[in-house]
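Asks: Input structure: upload.cif, which contains mmCIF, C-alpha atoms.
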data_data
#
loop_
_atom_site.label_atom_id
_atom_site.label_comp_id
_atom_site.auth_asym_id
_atom_site.auth_seq_id
_atom_site.Cartn_x
_atom_site.Cartn_y
_atom_site.Cartn_z
CA MET A 563 10.70 -7.02 -74.16
CA ALA A 564 8.82 -7.43 -70.96
CA THR A 565 11.41 -9.71 -69.42
CA GLY A 566 14.16 -7.29 -70.34
CA GLY A 567 12.39 -4.48 -68.51
CA ARG A 568 11.92 -6.50 -65.38
CA TYR A 569 15.50 -7.58 -65.41
CA ARG A 570 16.75 -4.05 -65.65
CA LYS A 571 14.60 -2.98 -62.69
CA LYS A 572 15.92 -5.74 -60.52
CA LYS A 573 19.47 -4.78 -61.19
CA ARG A 574 18.92 -1.17 -60.17
CA SER A 575 17.52 -1.97 -56.71
CA GLU A 576 20.19 -4.47 -55.90
CA GLY A 577 21.52 -2.83 -52.71
CA LEU A 578 18.96 -2.38 -49.95
CA ILE A 579 18.20 1.26 -49.12
CA ILE A 580 18.93 1.29 -45.47
CA THR A 581 19.18 5.00 -44.86
CA SER A 582 15.48 5.62 -44.35
CA LEU A 583 15.20 2.60 -42.12
CA MET A 584 18.09 3.94 -40.10
CA ASP A 585 16.26 7.20 -39.63
CA ILE A 586 13.27 5.44 -38.18
CA MET A 587 15.38 3.34 -35.90
CA SER A 588 17.37 6.26 -34.56
CA CYS A 589 14.10 7.99 -33.76
CA ILE A 590 12.84 4.95 -31.87
CA VAL A 591 16.08 4.56 -29.93
CA ILE A 592 16.11 8.22 -28.94
CA PHE A 593 12.46 8.01 -27.90
CA LEU A 594 13.11 4.96 -25.76
CA PHE A 595 16.10 6.58 -24.09
CA LYS A 596 14.03 9.63 -23.34
CA LEU A 597 11.37 7.48 -21.80
CA TYR A 598 13.93 6.33 -19.28
CA SER A 599 15.43 9.63 -18.34
CA ALA A 600 12.03 11.29 -17.90
CA GLU A 601 11.21 9.56 -14.65
CA GLY A 602 14.36 7.87 -13.59
CA GLN A 603 15.08 9.82 -10.48
CA ILE A 604 12.04 9.65 -8.30
CA LEU A 605 11.54 5.92 -8.26
CA THR A 606 12.86 3.85 -5.45
CA ASN A 607 12.88 0.42 -6.92
CA SER A 608 12.05 -2.22 -4.45
CA ASP A 609 10.17 -5.49 -4.61
CA ASN A 610 7.97 -4.72 -1.66
CA LEU A 611 7.14 -1.18 -2.65
CA VAL A 612 4.03 -1.25 -4.80
CA LEU A 613 2.57 2.17 -5.41
CA PRO A 614 -1.23 2.44 -5.46
CA LEU A 615 -3.08 3.20 -8.66
CA SER A 616 -4.66 6.59 -9.02
CA LEU A 617 -6.33 8.77 -11.62
CA SER A 618 -4.15 11.75 -10.75
CA GLN A 619 -2.70 13.60 -13.72
CA GLU A 620 -0.02 15.65 -12.04
CA ASN A 621 3.41 14.90 -13.43
CA PRO A 622 6.39 14.54 -11.16
CA ARG A 623 8.71 17.50 -11.16
CA ASP A 624 12.19 17.89 -9.88
CA VAL A 625 11.95 17.26 -6.18
CA ARG A 626 15.02 16.80 -4.07
CA LEU A 627 13.80 14.78 -1.14
CA GLN A 628 11.97 11.51 -1.19
CA VAL A 629 10.76 9.29 1.60
CA ALA A 630 9.84 5.69 0.85
CA CYS A 631 7.76 3.57 3.21
CA THR A 632 7.62 -0.19 2.75
CA GLN A 633 6.33 -2.84 5.13
CA ASP A 634 9.84 -3.27 6.53
CA TRP A 635 11.74 -0.02 6.30
CA ILE A 636 11.34 3.72 6.13
CA MET A 637 13.85 5.11 3.67
CA VAL A 638 14.93 8.70 3.26
CA ASP A 639 16.57 9.27 -0.11
CA ASN A 640 17.02 5.54 -0.58
CA VAL A 641 18.83 5.05 2.73
CA PRO A 642 16.96 2.86 5.23
CA VAL A 643 16.69 4.77 8.50
CA GLN A 644 13.95 3.18 10.60
CA LYS A 645 12.04 -0.07 10.80
CA THR A 646 8.35 0.19 9.99
CA PRO A 647 7.14 -2.07 12.86
CA PHE A 648 9.00 0.22 15.27
CA VAL A 649 7.17 3.23 13.85
CA ARG A 650 3.87 1.41 14.26
CA GLU A 651 4.57 0.77 17.96
CA LEU A 652 5.60 4.35 18.58
CA SER A 653 3.18 6.39 20.67
CA ASP A 654 4.63 9.73 19.62
CA ILE A 655 3.90 11.00 16.14
CA SER A 656 7.43 12.26 15.59
CA VAL A 657 9.64 9.43 14.36
CA PRO A 658 13.25 9.43 15.61
CA GLY A 659 15.86 8.65 13.00
CA VAL A 660 13.65 9.88 10.21
CA LYS A 661 13.41 13.24 11.89
CA GLU A 662 17.19 13.71 12.12
CA LYS A 663 17.60 12.82 8.47
CA LEU A 664 14.91 15.25 7.43
CA GLU A 665 16.33 18.00 9.61
CA PHE A 666 19.66 17.49 7.91
CA ALA A 667 18.02 17.74 4.50
CA TYR A 668 16.18 20.88 5.57
CA GLU A 669 19.42 22.49 6.73
CA GLN A 670 20.96 21.62 3.39
CA GLU A 671 18.11 23.28 1.58
CA LYS A 672 18.57 26.40 3.72
CA GLN A 673 22.26 26.42 2.89
CA MET A 674 21.44 26.25 -0.78
CA VAL A 675 19.23 29.30 -0.45
CA LYS A 676 22.09 31.11 1.29
CA ILE A 677 24.53 30.47 -1.49
CA GLY A 678 21.91 31.31 -4.08
CA ALA A 679 21.35 27.95 -5.67
CA LEU A 680 17.68 28.02 -4.74
CA ALA A 681 15.25 30.91 -4.69
CA LYS A 682 13.56 29.93 -1.44
CA VAL A 683 13.06 26.98 0.85
CA LYS A 684 10.20 25.10 -0.70
CA GLY A 685 9.98 22.22 1.72
CA GLU A 686 8.86 19.74 -0.88
CA VAL A 687 8.93 16.05 -0.22
CA ILE A 688 7.63 13.08 -2.16
CA ILE A 689 6.32 10.16 -0.15
CA GLN A 690 6.28 6.81 -1.84
CA ALA A 691 4.29 4.45 0.29
CA ASP A 692 3.43 0.84 -0.32
CA LYS A 693 -0.24 0.47 -1.11
CA ASN A 694 -0.80 -1.93 1.78
CA LEU A 695 0.71 0.35 4.37
CA ASP A 696 -1.58 1.34 7.23
CA TYR A 697 -2.53 4.94 7.83
CA ASP A 698 -0.94 4.96 11.29
CA VAL A 699 2.61 4.69 9.90
CA LEU A 700 1.87 7.03 7.03
CA TYR A 701 0.46 9.68 9.34
CA LYS A 702 3.49 9.56 11.63
CA ILE A 703 5.82 9.99 8.67
CA MET A 704 3.73 12.88 7.36
CA ALA A 705 3.63 14.49 10.77
CA THR A 706 7.41 14.17 11.07
CA CYS A 707 7.87 15.81 7.67
CA GLY A 708 5.56 18.64 8.67
CA GLU A 709 7.30 19.10 12.00
CA VAL A 710 10.69 19.55 10.37
CA GLY A 711 9.32 22.00 7.84
CA PHE A 712 8.57 19.94 4.77
CA ASN A 713 5.00 21.07 4.33
CA ALA A 714 4.48 20.50 0.63
CA ILE A 715 3.91 16.77 0.79
CA LYS A 716 3.14 14.80 -2.33
CA PHE A 717 2.29 11.14 -2.73
CA ALA A 718 3.74 9.20 -5.61
CA VAL A 719 1.20 6.96 -7.32
CA MET A 720 0.95 4.93 -10.48
CA ALA A 721 -1.20 6.25 -13.28
CA LYS A 722 -4.24 4.11 -13.88
CA GLU A 723 -5.17 3.36 -17.46
CA GLU A 724 -8.79 3.97 -18.23
CA MET B 374 37.78 12.12 -65.81
CA LYS B 375 34.52 10.31 -65.95
CA LYS B 376 35.96 7.27 -64.29
CA SER B 377 37.42 9.05 -61.27
CA ARG B 378 34.11 10.74 -60.43
CA LYS B 379 32.40 7.40 -60.40
CA MET B 380 34.92 6.08 -57.92
CA ILE B 381 34.39 8.93 -55.51
CA SER B 382 30.64 8.36 -55.45
CA ALA B 383 31.19 4.68 -54.75
CA GLU B 384 33.44 5.46 -51.79
CA ALA B 385 30.99 7.89 -50.24
CA GLU B 386 28.35 5.24 -49.62
CA LEU B 387 28.26 4.34 -45.95
CA ASP B 388 28.08 0.78 -44.82
CA LEU B 389 25.16 0.95 -42.46
CA LYS B 390 24.61 -2.74 -41.96
CA PRO B 391 26.55 -3.15 -38.67
CA MET B 392 24.75 -0.18 -37.25
CA MET B 393 21.46 -1.72 -38.30
CA ASN B 394 22.41 -4.88 -36.50
CA LEU B 395 23.16 -2.93 -33.37
CA PHE B 396 19.90 -1.02 -33.55
CA SER B 397 17.78 -4.06 -34.17
CA ILE B 398 19.15 -5.52 -30.96
CA LEU B 399 18.95 -2.28 -28.98
CA ILE B 400 15.32 -1.60 -29.77
CA PRO B 401 13.86 -4.91 -28.52
CA TYR B 402 16.08 -4.65 -25.46
CA LEU B 403 14.96 -1.14 -24.59
CA LEU B 404 11.34 -2.00 -25.26
CA MET B 405 11.64 -4.94 -22.92
CA CYS B 406 13.02 -2.83 -20.11
CA ALA B 407 10.80 0.16 -20.61
CA SER B 408 7.95 0.52 -18.18
CA PHE B 409 5.06 2.35 -19.69
CA ALA B 410 3.36 2.80 -16.36
CA SER B 411 4.08 6.36 -15.40
CA VAL B 412 4.40 7.83 -11.96
CA LYS B 413 2.09 10.67 -11.01
CA LEU B 414 1.74 12.77 -7.90
CA ILE B 415 -1.06 13.61 -5.52
CA GLU B 416 -0.72 16.86 -3.69
CA ILE B 417 -2.00 16.99 -0.15
CA ASN B 418 -2.01 19.50 2.66
CA LEU B 419 -1.25 18.92 6.26
CA PRO B 420 -4.20 20.01 8.38
CA GLU B 421 -2.06 22.31 10.50
CA SER B 422 -0.48 24.17 7.63
CA ARG B 423 -3.48 24.98 5.51
CA ILE B 424 -3.07 26.55 2.13
CA VAL B 425 -1.39 29.89 2.70
CA THR B 426 -4.10 32.45 3.20
CA THR B 427 -4.31 35.87 4.69
CA GLN B 428 -5.75 36.10 8.16
CA GLN B 429 -8.98 37.63 6.93
CA GLN B 430 -9.51 34.77 4.50
CA GLN B 431 -8.80 32.27 7.22
CA LYS B 432 -11.29 33.98 9.47
CA ASP B 433 -13.92 33.91 6.71
CA LYS B 434 -13.33 30.23 6.30
CA ASP B 435 -13.64 29.57 9.99
CA ASP B 436 -16.82 31.64 10.20
CA ASP B 437 -18.80 30.58 7.14
CA GLY B 438 -16.79 27.76 5.67
CA LEU B 439 -18.34 24.40 5.05
CA LEU B 440 -15.49 22.48 6.73
CA LEU B 441 -16.36 19.37 4.79
CA THR B 442 -14.81 16.30 6.31
CA ILE B 443 -14.84 12.61 5.44
CA PHE B 444 -14.41 10.17 8.29
CA ILE B 445 -13.06 6.82 7.19
CA THR B 446 -13.40 3.91 9.56
CA ASP B 447 -13.69 0.17 9.23
CA GLU B 448 -17.45 0.38 9.48
CA GLY B 449 -18.02 2.91 6.81
CA ILE B 450 -17.62 6.40 5.53
CA THR B 451 -19.26 9.42 7.11
CA LEU B 452 -19.48 12.87 5.63
CA GLY B 453 -19.53 15.73 8.03
CA ALA B 454 -19.66 19.49 7.69
CA ARG B 455 -20.10 22.45 9.98
CA GLY B 456 -22.56 21.42 12.62
CA ALA B 457 -23.98 18.45 10.79
CA MET B 458 -23.16 14.88 9.95
CA LEU B 459 -24.73 12.94 7.14
CA PRO B 460 -25.75 9.37 7.92
CA THR B 461 -22.86 6.91 7.71
CA THR B 462 -22.55 4.83 4.57
CA PHE B 463 -21.77 1.39 5.94
CA THR B 464 -19.41 -0.70 3.90
CA LYS B 465 -18.72 -4.27 3.04
CA GLU B 466 -15.10 -4.74 2.20
CA VAL B 467 -14.02 -7.17 -0.50
CA HIS B 468 -10.40 -7.77 -1.36
CA LYS B 469 -9.53 -8.93 -4.81
CA TYR B 470 -6.49 -11.17 -4.90
CA VAL B 471 -4.70 -12.18 -8.07
CA TYR B 472 -2.24 -15.06 -7.85
CA ASN B 473 -0.38 -17.36 -10.17
CA TRP B 474 -1.86 -20.81 -10.57
CA PRO B 475 -0.63 -23.46 -11.33
CA LYS B 476 2.53 -22.60 -9.44
CA GLY B 477 5.46 -21.34 -11.46
CA THR B 478 3.36 -20.38 -14.47
CA ASP B 479 2.16 -17.02 -15.66
CA LYS B 480 -1.50 -17.95 -15.50
CA LYS B 481 -3.50 -15.79 -13.14
CA GLU B 482 -6.44 -16.66 -10.95
CA SER B 483 -8.44 -14.07 -9.13
CA TYR B 484 -10.19 -14.54 -5.82
CA TYR B 485 -12.63 -12.29 -4.03
CA TYR B 486 -12.26 -12.36 -0.27
CA PHE B 487 -15.01 -10.96 1.93
CA VAL B 488 -13.55 -9.18 4.90
CA THR B 489 -15.36 -9.29 8.21
CA LYS B 490 -14.43 -8.08 11.68
CA GLN B 491 -13.20 -11.55 12.65
CA ASN B 492 -10.96 -12.26 9.70
CA LYS B 493 -9.60 -8.84 8.90
CA SER B 494 -6.33 -9.29 10.74
CA GLN B 495 -5.27 -12.36 8.77
CA LEU B 496 -4.76 -13.06 5.13
CA PRO B 497 -6.93 -15.62 3.36
CA MET B 498 -5.80 -19.12 2.47
CA CYS B 499 -5.04 -19.69 -1.17
CA PRO B 500 -8.21 -21.37 -2.49
CA LYS B 501 -6.33 -23.67 -4.88
CA ASP B 502 -3.39 -24.40 -2.62
CA PRO B 503 -4.46 -24.90 1.03
CA SER B 504 -0.86 -25.11 2.24
CA ARG B 505 -0.22 -21.41 1.99
CA ARG B 506 -1.81 -18.08 2.61
CA LEU B 507 -2.10 -15.38 -0.01
CA THR B 508 0.30 -12.53 0.51
CA LEU B 509 -0.27 -8.80 0.74
CA PHE B 510 1.48 -8.35 -2.58
CA GLU B 511 -1.13 -10.45 -4.28
CA ARG B 512 -3.90 -8.17 -3.10
CA GLU B 513 -4.77 -6.19 -6.16
CA GLU B 514 -7.74 -4.11 -5.25
CA ILE B 515 -9.87 -3.15 -2.30
CA ILE B 516 -13.51 -2.91 -3.26
CA LEU B 517 -15.97 -1.28 -0.90
CA TYR B 518 -19.66 -1.94 -1.36
CA ALA B 519 -22.26 0.29 0.18
CA VAL B 520 -24.56 -1.43 2.64
CA ARG B 521 -28.08 -0.31 3.50
CA LYS B 522 -29.07 -0.80 7.10
CA GLU B 523 -32.47 -0.33 8.64
CA ASN B 524 -31.16 0.02 12.18
CA GLU B 525 -28.01 -0.52 14.27
CA ALA B 526 -28.58 -4.23 14.84
CA ASP B 527 -29.31 -4.94 11.19
CA SER B 528 -26.33 -6.49 9.44
CA GLY B 529 -27.58 -4.97 6.23
CA ALA B 530 -27.59 -5.95 2.59
CA VAL B 531 -25.39 -4.64 -0.17
CA ALA B 532 -27.16 -1.83 -1.98
CA MET B 533 -27.82 -2.23 -5.68
CA ALA B 534 -27.70 0.52 -8.24
CA ALA B 535 -28.30 0.93 -11.94
CA TYR B 536 -25.20 0.99 -14.13
CA ASP B 537 -25.11 1.69 -17.84
CA ALA B 538 -23.39 -0.40 -20.50
CA ASN B 539 -20.06 1.35 -19.93
CA GLY B 540 -20.09 0.57 -16.23
CA GLY B 541 -20.89 4.09 -15.07
CA ALA B 542 -23.50 4.77 -12.43
CA VAL B 543 -26.53 6.80 -13.44
CA THR B 544 -28.20 9.45 -11.31
CA ASN B 545 -31.41 11.42 -11.23
CA ALA B 546 -31.61 15.18 -11.71
CA ALA B 547 -30.54 15.89 -8.13
CA GLY B 548 -27.45 13.68 -8.39
CA ARG B 549 -28.78 10.78 -6.37
CA ILE B 550 -27.87 7.37 -7.72
CA ILE B 551 -30.83 5.45 -9.14
CA ASP B 552 -31.40 2.12 -7.45
CA ALA B 553 -33.89 0.61 -9.90
CA LEU B 554 -33.52 -0.12 -13.59
CA PRO B 555 -34.52 2.95 -15.63
CA GLN B 556 -37.47 2.49 -17.97
CA PRO B 557 -37.57 3.79 -21.55
CA GLY B 558 -38.52 7.45 -21.48
CA ASP B 559 -36.95 8.15 -18.08
CA THR B 560 -34.49 10.99 -17.84
CA ILE B 561 -31.14 10.18 -16.31
CA TYR B 562 -27.82 11.92 -15.82
CA PRO B 563 -24.34 10.40 -15.80
CA LEU B 564 -22.38 10.43 -12.54
CA SER B 565 -19.93 13.16 -13.41
CA LEU B 566 -19.23 16.70 -12.28
CA GLU B 567 -18.61 18.44 -15.60
CA ASP B 568 -20.55 16.41 -18.08
CA ARG B 569 -24.02 16.21 -16.55
CA ARG B 570 -26.04 16.04 -19.73
CA LEU B 571 -29.63 15.01 -19.62
CA HIS B 572 -30.19 11.68 -21.25
CA ILE B 573 -33.51 10.11 -22.15
CA VAL B 574 -33.53 6.35 -21.93
CA LYS B 575 -34.24 4.66 -25.25
CA ALA B 576 -36.03 1.36 -25.63
CA ASP B 577 -32.99 -0.65 -26.71
CA GLU B 578 -30.57 0.58 -24.06
CA LYS B 579 -29.22 -1.91 -21.61
CA PHE B 580 -28.81 -1.22 -17.93
CA LYS B 581 -27.94 -3.63 -15.19
CA LEU B 582 -28.34 -3.70 -11.47
CA GLN B 583 -24.98 -4.02 -9.80
CA GLU B 584 -23.56 -3.70 -6.32
CA LEU B 585 -23.13 -0.04 -5.48
CA THR B 586 -19.59 0.88 -4.53
CA VAL B 587 -18.92 3.35 -1.77
CA TYR B 588 -16.81 5.39 -4.15
CA ASP B 589 -19.82 6.02 -6.41
CA GLU B 590 -22.04 6.77 -3.44
CA LEU B 591 -19.46 9.24 -2.14
CA ALA B 592 -19.18 10.86 -5.57
CA SER B 593 -22.93 11.31 -5.74
CA ARG B 594 -22.99 12.92 -2.32
CA LEU B 595 -20.11 15.24 -3.18
CA ILE B 596 -21.88 16.37 -6.35
CA ARG B 597 -24.98 17.22 -4.35
CA ILE B 598 -22.97 19.11 -1.73
CA LYS B 599 -21.11 21.00 -4.44
CA ALA B 600 -24.38 21.99 -6.09
CA GLN B 601 -25.92 23.07 -2.82
CA TYR B 602 -23.02 25.20 -1.58
CA PRO B 603 -21.37 26.75 -4.62
CA MET B 604 -20.26 29.97 -2.91
CA VAL B 605 -18.71 28.95 0.41
CA PRO B 606 -15.15 30.27 0.94
CA ASP B 607 -13.65 26.80 1.29
CA ARG B 608 -15.51 25.30 -1.68
CA ASP B 609 -12.51 23.35 -2.99
CA GLU B 610 -11.32 22.00 0.32
CA ILE B 611 -12.01 18.72 2.00
CA LYS B 612 -10.47 17.02 4.97
CA LEU B 613 -9.98 13.30 5.22
CA VAL B 614 -9.93 11.84 8.68
CA ALA B 615 -8.95 8.20 8.89
CA GLU B 616 -8.51 5.52 11.51
CA ASP B 617 -5.13 3.98 12.28
CA ASP B 618 -5.52 0.77 10.35
CA VAL B 619 -7.06 2.15 7.19
CA VAL B 620 -4.98 0.94 4.26
CA TYR B 621 -3.23 3.56 2.14
CA ASP B 622 -4.68 2.12 -1.05
CA LYS B 623 -8.22 2.81 0.14
CA LEU B 624 -7.22 6.32 1.08
CA VAL B 625 -5.79 7.04 -2.36
CA HIS B 626 -8.98 5.79 -3.96
CA ILE B 627 -11.10 8.09 -1.80
CA MET B 628 -8.75 11.00 -2.52
CA ASP B 629 -9.24 10.33 -6.22
CA VAL B 630 -13.00 10.56 -5.84
CA CYS B 631 -12.69 13.83 -3.89
CA ARG B 632 -10.40 15.34 -6.48
CA ILE B 633 -12.47 14.36 -9.49
CA PHE B 634 -15.77 15.41 -7.94
CA GLY B 635 -14.87 18.95 -7.13
CA PHE B 636 -12.71 18.99 -4.01
CA PRO B 637 -9.08 19.07 -5.19
CA LYS B 638 -7.56 20.59 -2.07
CA ILE B 639 -7.26 17.61 0.22
CA ALA B 640 -5.97 17.69 3.76
CA LEU B 641 -5.30 14.61 5.84
CA ALA B 642 -5.89 14.21 9.53
CA LYS B 643 -6.15 11.45 12.03
CA LEU B 644 -9.08 10.19 14.04
CA ALA B 645 -8.25 10.63 17.69
CA GLY B 646 -8.33 7.61 19.95
#
What does the file become when written as structure tokens?
Replies:
Amino acid sequence: MATGGRYRKKKRSEGLIITSLMDIMSCIVIFLFKLYSAEGQILTNSDNLVLPLSLSQENPRDVRLQVACTQDWIMVDNVPVQKTPFVRELSDISVPGVKEKLEFAYEQEKQMVKIGALAKVKGEVIIQADKNLDYDVLYKIMATCGEVGFNAIKFAVMAKEE
Amino acid sequence: MKKSRKMISAEAELDLKPMMNLFSILIPYLLMCASFASVKLIEINLPESRIVTTQQQQKDKDDDGLLLTIFITDEGITLGARGAMLPTTFTKEVHKYVYNWPKGTDKKESYYYFVTKQNKSQLPMCPKDPSRRLTLFEREEIILYAVRKENEADSGAVAMAAYDANGGAVTNAAGRIIDALPQPGDTIYPLSLEDRRLHIVKADEKFKLQELTVYDELASRLIRIKAQYPMVPDRDEIKLVAEDDVVYDKLVHIMDVCRIFGFPKIALAKLAG
């Protein structure tokens, strides 16, 4: 009697019930994809660009312009425009090359306000600087941004786990 | 009739196995690529373009503002405000390097390198492998210890302070960091702006004396300033003035301290000369 009952049970659950497992997996896959798209755009990926750790909690928003400073190059929107050692030697705080690029971006932003794509010129810029960069270079880049009109400067940092 | 219905139900069952196979490969792959470190932002203000204020507000600030400023140099950190400078906190800089050793493996070794005026321009030799120098990318952290000096000529000794079991500094009622081990029955306060709850030391609590970092010292000073001047018009603002060769990492760390301890509106400026 007992064996018969066990046998019958076995027969009923012959095919694996995959549907619930599938549900879980689709959730995980969607979650992982979302993880990517959430912060894909503001990162300049480079081997020699290590962002410093910080306890800041402010999340990155949609910002159009980004400036990246590594030990070798200054990049505006991922395009290398000026060598960092050259910036360090510079006696003026306004950096040529970078300035032209930023002016161009500022004009573009103005144009977008004209055609109504933007409410107003915000002048936002995200600076991603390598954590070993010296303040001299950083200050010149910041000053150049401010000179052109990008006054809302933000630094990108890595979140530190407590 | 009965038979045909059975057939329909058999056909409707989906074959999910190939999809399962795909998913079970996709998930480990995505997990492998995913970086869980998230990017955050620090907002700063240029000194010239202060936070937008009306002229009257700006005038108020110029007249009775605190104008709190931190000067960061190689020697130390100085807090200044309108018409007064606090004594400089001298620093001893230690760089923590983390490198792979033996070569080509994932094993990590860490090395603490004491920075002095003479050796600050060059990177240290790798202690295990004398044929190469450590690189900037292996520098993981810059630690600044506070140094107590009796006079200008004194080279000073690293200050010690009491830390609790969780690694947090403890302060007295005024917010000053305690530099001796607290005894049972003493009242102490944690080093924090919001959560300054009185705590009475129990007999079985463990404290240890540890090197005082400049960041904790700065935090303690900021708390005291905040408590002393709660009503000034520029109570949230602080200006950081740094020397040319101050490393960005150090700056971010100091900005963190300022933001957490009550001065979230940070402006950056440069030390002339």
Asks: Can you check which parts of chain A lie within 7 Å of chain B? Per residue, the shortest pair of atoms and distance in Å to one decimal, counting all atoms listed in the file, sorted by chain and number, as a tab-separated table.
Replies:
residue	atom	partner	partner_atom	distance
A:Ile580	CA	B:Leu389	CA	6.9
A:Met584	CA	B:Met393	CA	6.8
A:Met587	CA	B:Phe396	CA	6.7
A:Val591	CA	B:Ile400	CA	6.2
A:Leu594	CA	B:Leu403	CA	6.5
A:Pro614	CA	B:Asp622	CA	5.6
A:Ser616	CA	B:Asp629	CA	6.5
A:Leu617	CA	B:Asp629	CA	6.3
A:Ser618	CA	B:Lys413	CA	6.3
A:Gln619	CA	B:Lys413	CA	6.2
A:Glu620	CA	B:Leu414	CA	5.3
A:Asn621	CA	B:Lys413	CA	5.0
A:Pro622	CA	B:Lys413	CA	5.8
A:Lys693	CA	B:Asp622	CA	4.7
A:Asn694	CA	B:Val620	CA	5.6
A:Leu695	CA	B:Tyr621	CA	5.5
A:Asp696	CA	B:Val620	CA	4.5
A:Tyr697	CA	B:Asp617	CA	5.2
A:Asp698	CA	B:Asp617	CA	4.4
A:Asn713	CA	B:Leu419	CA	6.9
A:Ala714	CA	B:Asn418	CA	6.9
A:Ile715	CA	B:Ile417	CA	6.0
A:Lys716	CA	B:Glu416	CA	4.6
A:Phe717	CA	B:Ile415	CA	5.0
A:Ala718	CA	B:Leu414	CA	4.7
A:Val719	CA	B:Lys413	CA	5.3
A:Met720	CA	B:Val412	CA	4.7
A:Ala721	CA	B:Ser411	CA	5.7
Asks: Using the chain letters and numbering of this document, enumerate as a PyMOL selection string the residues selected by the PyMOL selection byres ((chain A and resi 633-644) around 12).
Replies: (chain A and resi 603-612+625-632+645-650+652+657-667+687-696+699-700+702-704+707) or (chain B and resi 509-510+620-621)
Asks: Between atom CA of Pro503 of chain B and atom CA of Glu482 of chain B, what is the spacing in Å?
Replies: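 Computing the Euclidean distance for atom CA of Glu482 of chain B and atom CA of Pro503 of chain B yields 14.7 Å.
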Asks: Given the PyMOL selection byres ((chain B and resi 498) around 12) and the file above, list the residues it selects as a list of chain:residue names.
Replies: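 Evaluating the PyMOL selection byres ((chain B and resi 498) around 12) on this file yields B:Tyr470, B:Tyr472, B:Tyr484, B:Tyr485, B:Tyr486, B:Asn492, B:Gln495, B:Leu496, B:Pro497, B:Cys499, B:Pro500, B:Lys501, B:Asp502, B:Pro503, B:Ser504, B:Arg505, B:Arg506, B:Leu507, B:Thr508, B:Leu509, B:Glu511.
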Asks: Tell me, in Å to one decimal, how far atom CA of Pro563 of chain B is from atom CA of Ala535 of chain B.
Replies: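 For atom CA of Pro563 of chain B relative to atom CA of Ala535 of chain B, the distance reads 11.0 Å.
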Asks: Which residues would end up in the selection if the PyMOL selection byres ((chain B and resi 450) around 6) were applied here, given that I need the answer as a PyMOL selection string?
Replies: chain B and resi 444-445+449+451+461-462
Asks: Quick one: residues within 7 Å of segment 579-581 of chain B, only C-alpha atoms counted, chain neighbours fewer than 4 positions away excluded, as a ChimeraX atom specification?
Replies: /B:535-538,554
Asks: With distances taken over only C-alpha atoms, which of A:Leu578, A:Cys589, A:Val675, A:Tyr668 is nearest to Phe712 of chain A?
Replies: A:Tyr668
Asks: Between atom CA of Gly541 of chain B and atom CA of Lys638 of chain B, what is the distance, to one decimal in Å?
Replies: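 Going from atom CA of Gly541 of chain B over to atom CA of Lys638 of chain B covers 24.9 Å.
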Asks: Neighbours of Val605 of chain B within 7 Å (all atoms listed in the file; same-chain residues fewer than 3 positions away dropped), as a list in words?
Replies: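 Non-adjacent residues within range: Asp437, Gly438, Leu439, Tyr602 and Arg608 of chain B.
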Asks: Only C-alpha atoms, please: the residues just picked out, written as a tab-separated table (two decimals), in the frame of the given file.
Replies:
chain	number	residue	atom	x	y	z
B	437	ASP	CA	-18.80	30.58	7.14
B	438	GLY	CA	-16.79	27.76	5.67
B	439	LEU	CA	-18.34	24.40	5.05
B	602	TYR	CA	-23.02	25.20	-1.58
B	608	ARG	CA	-15.51	25.30	-1.68
